[in-house]
Structures are given as structure tokens and as C-alpha cells.
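Only one structure is covered here, and it is reproduced in the block below.
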Amino acid sequence: MPNQDPTERRVVVTGPSRRSRPTSGYYRPRTEIDEQTTLGHTYVRSLMRTQLRAALAVFAFLVLLVGPLPLLFAAMPDARRLEWVVLGFGLYVPLVLLARWYVGRAERNERDFVRLVEDR
Amino acid sequence: MNSSFAVPAVALVVLATVFVGAFGLRISRTTSDFYVASRTVGPRLNAAAISGEYLSAASFLGIAGLVLVQGPDMLWYPVGYTAGYLVLLLFVAAPLRRSGAYTLPDFAEARLASQAVRRLAGAFVVGVGWLYLLPQLQGAGLTLSVLTDAPQWLGGVIVAAVVVATVAAGGMRSITFVQAFQYWLKLTALLVPALFLILAWQSDGAPRHAFEEPVTFREQRVVRVDDSLDLKLERPLTVTVSGTVDGRPHDDQRLELPAGTHHIERGTRLTFAKGATVPAAERSSTGGMSTSLAAGREERPLYATYGLILATFLGTMGLPHVVVRFYTSPHGVAARRTTVAVLALIGCFYLLPPVYGALGRLYAPELTITGDADAAVLLLPERMIGGLGGDLLGALVAGGAFAAFLSTASGLTMAVAGVLTQDVLPSRGVRHFRLGTVLAMAVPLAASVIVGGLPVADAVGLAFAVSASSFCPLLVLGIWWRRLTPPGAAAGMLVGGGSAFVAVAATMAGFPRTGALHALLAWPALWSVPLGFLTMMLVSLATAGRVPAGTAAILARFHLPEELRAEVKA
């Protein structure tokens, strides 16, 4: 804005306080992440990859569990009672168990990651 | 049905909703309270609220009706509604909460730094929200007209008024309490009568042929046809007729109808003998929840089943009222745990509709002919138990059904109003949020009064298919794929969601009545979801130069645990 009086424009400059900067290389991985260096991105990428792998593993389980069922029921048109029992009452418990398994795994991945970057 | 208990029960539910909402109002003070309940809702309360919001009219009445009419294949609906939450948990829950956005448009803007994509996502949210609100209002109308002789539009108007009042008054804080309360109310309203019904079934000698195809009448049953319909017979049927069949009047005559289609005039009384097969009725469009695309299923059941599975598994994550709820969790870990609790809660609930469906096949099979299959849940207590107990249990079910309409409609109104306030109306104050609420409800209410008989299951199916082919690619690729660009996201949403929308709209307009094309258009998810993903990825790769500058930092924020991020900000 060239027409503006330079004295009117106030700019507030902020930044991380010096005190909080680590003086040694002790917290290195975390600093890399904070400052978005290439190495920091590599850490984040590795976390994303582990989490995606966990998600895909459970998803594959879900597909294997549910995917063949319509084919199975179509192949056995006389097994009506089986279809009622499986679809009506049998699938909810496995779904909840899969969810619990995934949450445990995802939280463990995150704990491991925190331990890694905090170098504990 | 005896309405002397049902009407007070419905009134009680409405009053309790307003009361619990007012309780939330007392502690809802800030704008943040309003939109996200100040992000302090713990997993248990939030899970009950999410489940309460999610279990809609389609779940409470529709599934039992669908199962009654079309058999156990329809049980894929509740399975899909539940498994949708598992997919949401796997790919979306924690990163979505950590993104810090409030609505899907917020997410699109934060991830892609593009106003255009934000507006497009907003348009889809409003569209899907309105599509999903319509069946809630129509379901309310149906229930009230089954219980009393009220006109069809009255129930919708009551639900709309109560929802606008509670949402506009208390916002998210008050809605959270209302929804949590309504989950438990709905579970009780279905569980207690179910226990009594099972006892009645036991004392009846526990007949088991509910699982057999086709359904047969257990005793002689007189059916009055209120709307003209076509009966489709696969084998000859003997029936006593008073009225007009195939254009010829009969008076209490025994008829041997050959296999084929027969036209029954309205007002005809059909008497079926014990053990007779229940014929399949065909009608153009009556606005019931269980009619819908039934004809399409017979042609390609396997294709249709897989289409249904894909749409519900992937569509849940993009439903506007579901997504908004995740921002009310305090952090990503809580968002995940909340989702597991939600899975357990809705899984428990969905054990009950199949019970009603199976008992309906035994004790009220004629509902498939009269077209009131959605009322099976409401009618069974009176039919099987009768007397004062049956009336009281029927009243409990009716109250629960109203809780279902109220809670889902509140959540949807909340989500649509949020988008309207932020992106359409000029400024962002609580006052404008209230205006947005009125607007969010006015459009579907007007549509439900004017349009009337849009098949409810179609509107719900359409909402899921559109959401699965537009928001699912946006969320999954936005969270896990670095190379997503704004043009790619916009193209994917338009092509995937747009084509799903056009396909189902064409089916509802009755464009291709038969053949492979009909099945493809009636169950679009199987091709429209891959199409949405593929378009999004290919266009993103073609415009690789337009990857937003802050992508790496944003993805880090989505995925890093909060304990690391807190220090980044400090």
C-alpha cells in the first residue's frame, strides 16, 4: 500500500521466545518437526504410514469378513435362517471388536512416536 | 390404533425434549458453546449424543418395515449404518478432530486453502442435509396419521417447530443433552416392548416360519385395500373378494386368481385363508419408507446388495450431522474412543429392528399389501398383546419414534444451519445462527408439504450415495494423500457426487424402468464412488503444480498427537 502513511501502519512482530529453544541437540527430532525441516517431514510421514497401515489392515479384515457374505447367501438360497442370524445379530460384536483393536493399535503407534521424537 | 395413550406419549417426548434443551440453555453462554459445546464433551456423553442423533426414522421404523416387505436382505441397511462408523474411525475420526475445523467446508478450506472448494463442499452439505431432513419430516407425518387421524403434514410441522426452537435457543450444548437423552429413550422404547413381544411369541408356541420364504398367513385374515394397487402373483392364489378386481366387481366371492399381475381397486376387501401365501404388492409411489426401489432389487439382487454395502459403509463419514459431532470431542484420542462407544451403542440398538421385522412377518404379514409396513413397529404391540398393556407399549413405541424424528432432525438442522450461517448469511453472530436455523428447516418443510410422496428410503439412499461419492474421496484423500489439489478435489466432488445425484434422481423420476441400466442407476455407489476417487486423483496429478503450499504442515497437524502439537503452538 504505497499511499499509506508509513507511521500509521503498525506491525506486531512475534516469535518463539528464546528461552524455550533447546540449547543442546537433546530434543532434536521434535525440533525438526516443529521447524518443518525435511527431516521433520520424514518423521511425520513415517507416523502417517504406520497409522495408514493399521487402518488398512483393519479395513482389509472388514472386507474379508463382510465381502463374501452376499455371495454366500446368494449361493445358498435355502439358508434363510442363517442369513437372518448372521445379518440381524451376528455382525455387530465383530465390528466393535475390530474397532477396539484398531484404537489400541493407533494409540500405541502414537505413544511410540511421541517416545521416539522426545527421545525418551 | 388406540390413540388415547399414544398422543400423550408423543406430547411427553416433545415436552421432555424442550425441557432438556432448556436445561442446556442455562449453561450455553458463548458462541463456542453454541457451535461445538465448547469442545468439552466427554466420550460417553458424546457417544450417546452421536448415536441418538444417528438413529433416525429410517432406523426406528423403516428397517423393520423393509425386512417385513423384502426379507432378510434388507438387514444390510443396519449393518451398513454401523460399519460406516468403523470405516469412519479407521480413516477419518482422529485427523478430522485434529484438523480443528467445524464443518466439512471448514475442513476443505483448511486442507486446500481454496474458497471455491469450500463453497462447493458447502453446497453438497446443504443438499445432503436437506435430502436427509425430508424423510424425517415425512416419517413424523406418517406416524402421527397412523396414531390419530391427523393430516399428513401436521407431524412434520410439529417436528420442525420443536427442532427450530431447541436448536435456535440452545445450540450445540443443549442439543448434546437432548440427543444423549433421546438415545436412551429410543433404546428403551424399542427394547421394553420387544421383550414383551418375545414373551407373547413364546406363549404362542414360538412359531418359527418367520424365516421362511415366501411369507404365509397364520390364520384367516381380512385385508382392506385403501389405495388401488397391483398384486403380483408368482403362483395361483385363492382369495375371497368383496370389491373390484381386474375391473370386475365381486361380492364376497371365492376367486381363483391365476399367476400374473392383478389390479385391485381401492376399498376392496380381500379375505385370505390360513396358510395362503402373502402376495407382493406393487404401487407407484405412496411415500412409505419401505416401498422405494423394491422393483430394482429383484433384477440384480447381488449388484444391488453390493451397491448398498458400499454406499452405507463409505457414506456415513460424509453425513453432515455426523461430521459436526466430531468437533465437540476435546481431542483426537477422545474422538477415536467416542467412535468405538458409538459403534457399541448403535450395534445394541440395531439388534432390535430385526426382531420387529421377524415378528411382523408372523403376526402382521398383510401390512405388505396395505402399504403401511413402516407402521409395523407401531402396530405390533396392539396386535400381539392387546388390551391395556398393548396400548401402553404402543404408546411407548410411538414416543420413541417421535424421539427419532426429533433427534435426527435437530442434528441435521444444526449442521445445515452452521453452513448457512458461515457461508451464506453475511455475519457470524448467534443471531444469524438463529436465522440460519429457520432457513435450514423451512426449505425441507416446504418441500415435504408440497412434494408429498417422495419415497423415504430413496431420499435416504440418495443422501448416502451422494455422500459416499463426494465427501468420502475428499476426506480420505485429504487426510492421507499429499498430492491432492483444489481443482482435483472440486472435480472429484462434482463428478462423483454429481453423477450419483443425477443417477438416483433419474431413477426416482422413473426414467429407465427395467434392465441393467435401471440397476446401475438405482444403486450408483458401485461405480460413482470409484469414479469420484479416480477423478480426484487424476485431476490432482494433472494439476500437480497447484498443491497448496502449507500441505506438509497441515498434514502434520492432522496426524501428530496433541501432546506434541501443544508445544508447537506455545
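In the C-alpha cells, the first chain shown is A, the next is B, and so on; residue numbers restart at 1 for each chain, and ligands run from 1 in the order shown.
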
>> as a PyMOL selection string, please: the residues near stretch 546-555 of chain B (cut-off 7 Å, only C-alpha atoms, same-chain neighbours under 5 positions excluded).
In response: chain B and resi 111-113+479+482-485

Show me, as CSV, the residues of chain B having an atom within 8 Å of chain A, each with the closest atom pair and its distance in Å, using only C-alpha atoms.
residue,atom,partner,partner_atom,distance
B:Pro72,CA,A:Trp84,CA,5.7
B:Asp73,CA,A:Glu83,CA,7.9
B:Leu75,CA,A:Leu87,CA,5.8
B:Trp76,CA,A:Leu87,CA,6.7
B:Val79,CA,A:Leu87,CA,7.0
B:Thr82,CA,A:Tyr92,CA,7.7
B:Ala83,CA,A:Leu95,CA,6.7
B:Leu86,CA,A:Ala99,CA,6.1
B:Val87,CA,A:Phe59,CA,7.2
B:Leu89,CA,A:Ala99,CA,7.4
B:Leu90,CA,A:Ala55,CA,5.0
B:Phe91,CA,A:Ala55,CA,6.5
B:Phe211,CA,A:Arg81,CA,5.5
B:Glu212,CA,A:Arg80,CA,6.6
B:Glu213,CA,A:Arg80,CA,7.9
B:Leu302,CA,A:Pro70,CA,6.8
B:Thr305,CA,A:Pro70,CA,7.0
B:Tyr306,CA,A:Pro70,CA,7.6
B:Val333,CA,A:Glu107,CA,7.4
B:Arg336,CA,A:Val103,CA,6.6
B:Arg337,CA,A:Val103,CA,7.2
B:Val340,CA,A:Ala99,CA,5.9
B:Leu343,CA,A:Val96,CA,6.0
B:Ala344,CA,A:Val96,CA,6.0
B:Gly347,CA,A:Tyr92,CA,5.3
B:Cys348,CA,A:Tyr92,CA,7.8
B:Tyr350,CA,A:Gly88,CA,7.8
B:Leu351,CA,A:Phe89,CA,5.8
B:Pro354,CA,A:Gly88,CA,5.8
B:Trp480,CA,A:Met48,CA,7.5
B:Ala552,CA,A:His41,CA,7.0
B:Ala553,CA,A:Gln36,CA,7.1
B:Ala556,CA,A:Val44,CA,6.0
B:His559,CA,A:Met48,CA,6.6
B:Leu560,CA,A:Val44,CA,7.3
B:Pro561,CA,A:Glu110,CA,6.4
B:Leu564,CA,A:Val114,CA,7.2
B:Val568,CA,A:Asp34,CA,5.8
B:Ala570,CA,A:Pro16,CA,7.7

Kindly save the residues from that selection, with N, CA and C atoms included, as a short mmCIF file (atom, residue, chain, number, x, y, z; two decimals), in the first residue's frame.
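Okay, this is what ended up in result.cif:
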data_model
loop_
_atom_site.label_atom_id
_atom_site.label_comp_id
_atom_site.auth_asym_id
_atom_site.auth_seq_id
_atom_site.Cartn_x
_atom_site.Cartn_y
_atom_site.Cartn_z
N PRO B 72 -34.76 -60.76 4.59
CA PRO B 72 -33.55 -60.50 5.37
C PRO B 72 -32.45 -59.77 4.60
N ASP B 73 -32.51 -59.72 3.26
CA ASP B 73 -31.50 -58.95 2.53
C ASP B 73 -31.43 -57.51 3.02
N LEU B 75 -31.52 -56.46 5.88
CA LEU B 75 -30.75 -56.29 7.11
C LEU B 75 -29.37 -55.73 6.82
N TRP B 76 -28.98 -55.66 5.54
CA TRP B 76 -27.72 -55.00 5.21
C TRP B 76 -27.76 -53.53 5.56
N VAL B 79 -26.57 -53.10 9.17
CA VAL B 79 -25.16 -53.49 9.21
C VAL B 79 -24.30 -52.39 8.58
N THR B 82 -23.94 -49.29 10.71
CA THR B 82 -22.99 -49.48 11.82
C THR B 82 -21.56 -49.53 11.29
N ALA B 83 -21.33 -50.35 10.24
CA ALA B 83 -19.97 -50.49 9.72
C ALA B 83 -19.44 -49.18 9.17
N LEU B 86 -17.26 -47.76 11.58
CA LEU B 86 -15.94 -48.38 11.67
C LEU B 86 -15.01 -47.78 10.61
N VAL B 87 -15.52 -47.63 9.38
CA VAL B 87 -14.70 -47.04 8.32
C VAL B 87 -14.33 -45.60 8.69
N LEU B 89 -14.01 -44.43 11.66
CA LEU B 89 -13.00 -44.49 12.72
C LEU B 89 -11.62 -44.75 12.12
N LEU B 90 -11.55 -45.68 11.16
CA LEU B 90 -10.26 -46.07 10.62
C LEU B 90 -9.58 -44.92 9.90
N PHE B 91 -10.32 -44.21 9.07
CA PHE B 91 -9.65 -43.28 8.16
C PHE B 91 -9.83 -41.82 8.51
N PHE B 211 -38.82 -67.05 9.19
CA PHE B 211 -37.60 -67.02 8.40
C PHE B 211 -37.78 -67.63 7.03
N GLU B 212 -38.98 -68.17 6.78
CA GLU B 212 -39.16 -68.85 5.51
C GLU B 212 -39.68 -67.90 4.44
N GLU B 213 -39.41 -68.26 3.21
CA GLU B 213 -39.91 -67.51 2.06
C GLU B 213 -40.82 -68.42 1.27
N LEU B 302 -27.70 -59.17 -6.35
CA LEU B 302 -26.32 -59.20 -5.89
C LEU B 302 -25.65 -57.84 -6.11
N THR B 305 -27.11 -55.43 -3.68
CA THR B 305 -26.62 -55.61 -2.32
C THR B 305 -25.24 -54.99 -2.16
N TYR B 306 -24.36 -55.24 -3.13
CA TYR B 306 -23.02 -54.66 -3.02
C TYR B 306 -23.06 -53.13 -3.12
N VAL B 333 -7.69 -38.39 20.41
CA VAL B 333 -7.82 -39.69 21.08
C VAL B 333 -9.24 -39.89 21.58
N ARG B 336 -11.54 -40.87 18.77
CA ARG B 336 -11.49 -42.31 18.45
C ARG B 336 -12.28 -43.13 19.45
N ARG B 337 -12.05 -42.86 20.74
CA ARG B 337 -12.75 -43.66 21.75
C ARG B 337 -14.25 -43.45 21.67
N VAL B 340 -15.72 -45.71 19.04
CA VAL B 340 -15.90 -47.10 19.47
C VAL B 340 -17.17 -47.23 20.31
N LEU B 343 -20.15 -47.19 18.09
CA LEU B 343 -20.35 -48.48 17.44
C LEU B 343 -21.09 -49.44 18.36
N ALA B 344 -20.67 -49.48 19.62
CA ALA B 344 -21.31 -50.39 20.57
C ALA B 344 -22.77 -50.00 20.79
N GLY B 347 -24.83 -50.60 17.65
CA GLY B 347 -24.90 -52.04 17.45
C GLY B 347 -25.96 -52.66 18.35
N CYS B 348 -26.01 -52.23 19.62
CA CYS B 348 -27.04 -52.71 20.55
C CYS B 348 -28.43 -52.39 20.00
N TYR B 350 -29.43 -51.82 16.97
CA TYR B 350 -29.82 -52.50 15.74
C TYR B 350 -30.11 -53.98 15.93
N LEU B 351 -29.90 -54.52 17.13
CA LEU B 351 -30.34 -55.88 17.39
C LEU B 351 -31.87 -55.96 17.43
N PRO B 354 -34.58 -56.09 13.68
CA PRO B 354 -34.85 -57.39 13.06
C PRO B 354 -35.88 -58.21 13.83
N TRP B 480 -5.01 -38.43 3.81
CA TRP B 480 -3.90 -39.37 3.65
C TRP B 480 -3.02 -39.13 2.42
N ALA B 552 2.27 -29.84 3.89
CA ALA B 552 3.04 -30.66 4.83
C ALA B 552 2.70 -30.28 6.27
N ALA B 553 2.63 -28.96 6.53
CA ALA B 553 2.33 -28.52 7.89
C ALA B 553 0.93 -28.94 8.30
N ALA B 556 0.79 -32.59 9.06
CA ALA B 556 1.42 -32.82 10.36
C ALA B 556 0.42 -32.53 11.47
N HIS B 559 -2.15 -35.33 11.90
CA HIS B 559 -1.74 -36.65 12.36
C HIS B 559 -0.91 -36.65 13.65
N LEU B 560 -0.28 -35.53 13.98
CA LEU B 560 0.54 -35.54 15.20
C LEU B 560 -0.35 -35.59 16.43
N PRO B 561 0.03 -36.40 17.43
CA PRO B 561 -0.73 -36.42 18.69
C PRO B 561 -0.71 -35.03 19.33
N LEU B 564 2.28 -33.41 21.29
CA LEU B 564 3.38 -32.80 20.55
C LEU B 564 2.97 -31.45 20.02
N VAL B 568 4.18 -27.11 19.94
CA VAL B 568 4.47 -26.38 18.71
C VAL B 568 3.86 -25.00 18.78
N ALA B 570 2.99 -23.27 21.49
CA ALA B 570 3.40 -22.44 22.62
C ALA B 570 4.61 -21.56 22.28
#

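When DSSP reads the backbone of this structure, the residues of stretch 254-465 of chain B it assigns to strand (DSSP E) are Arg254, Leu255, Glu256, Leu257, Gly260, Thr261, His262, His263, Ile264, Arg269, Leu270, Thr271, Phe272, Ala280, Ala281 and Glu282 of chain B.
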
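Atom pair atom CA of B:Thr277 / atom CA of B:Thr216 has a distance of 4.3 Å (rounded to one decimal).
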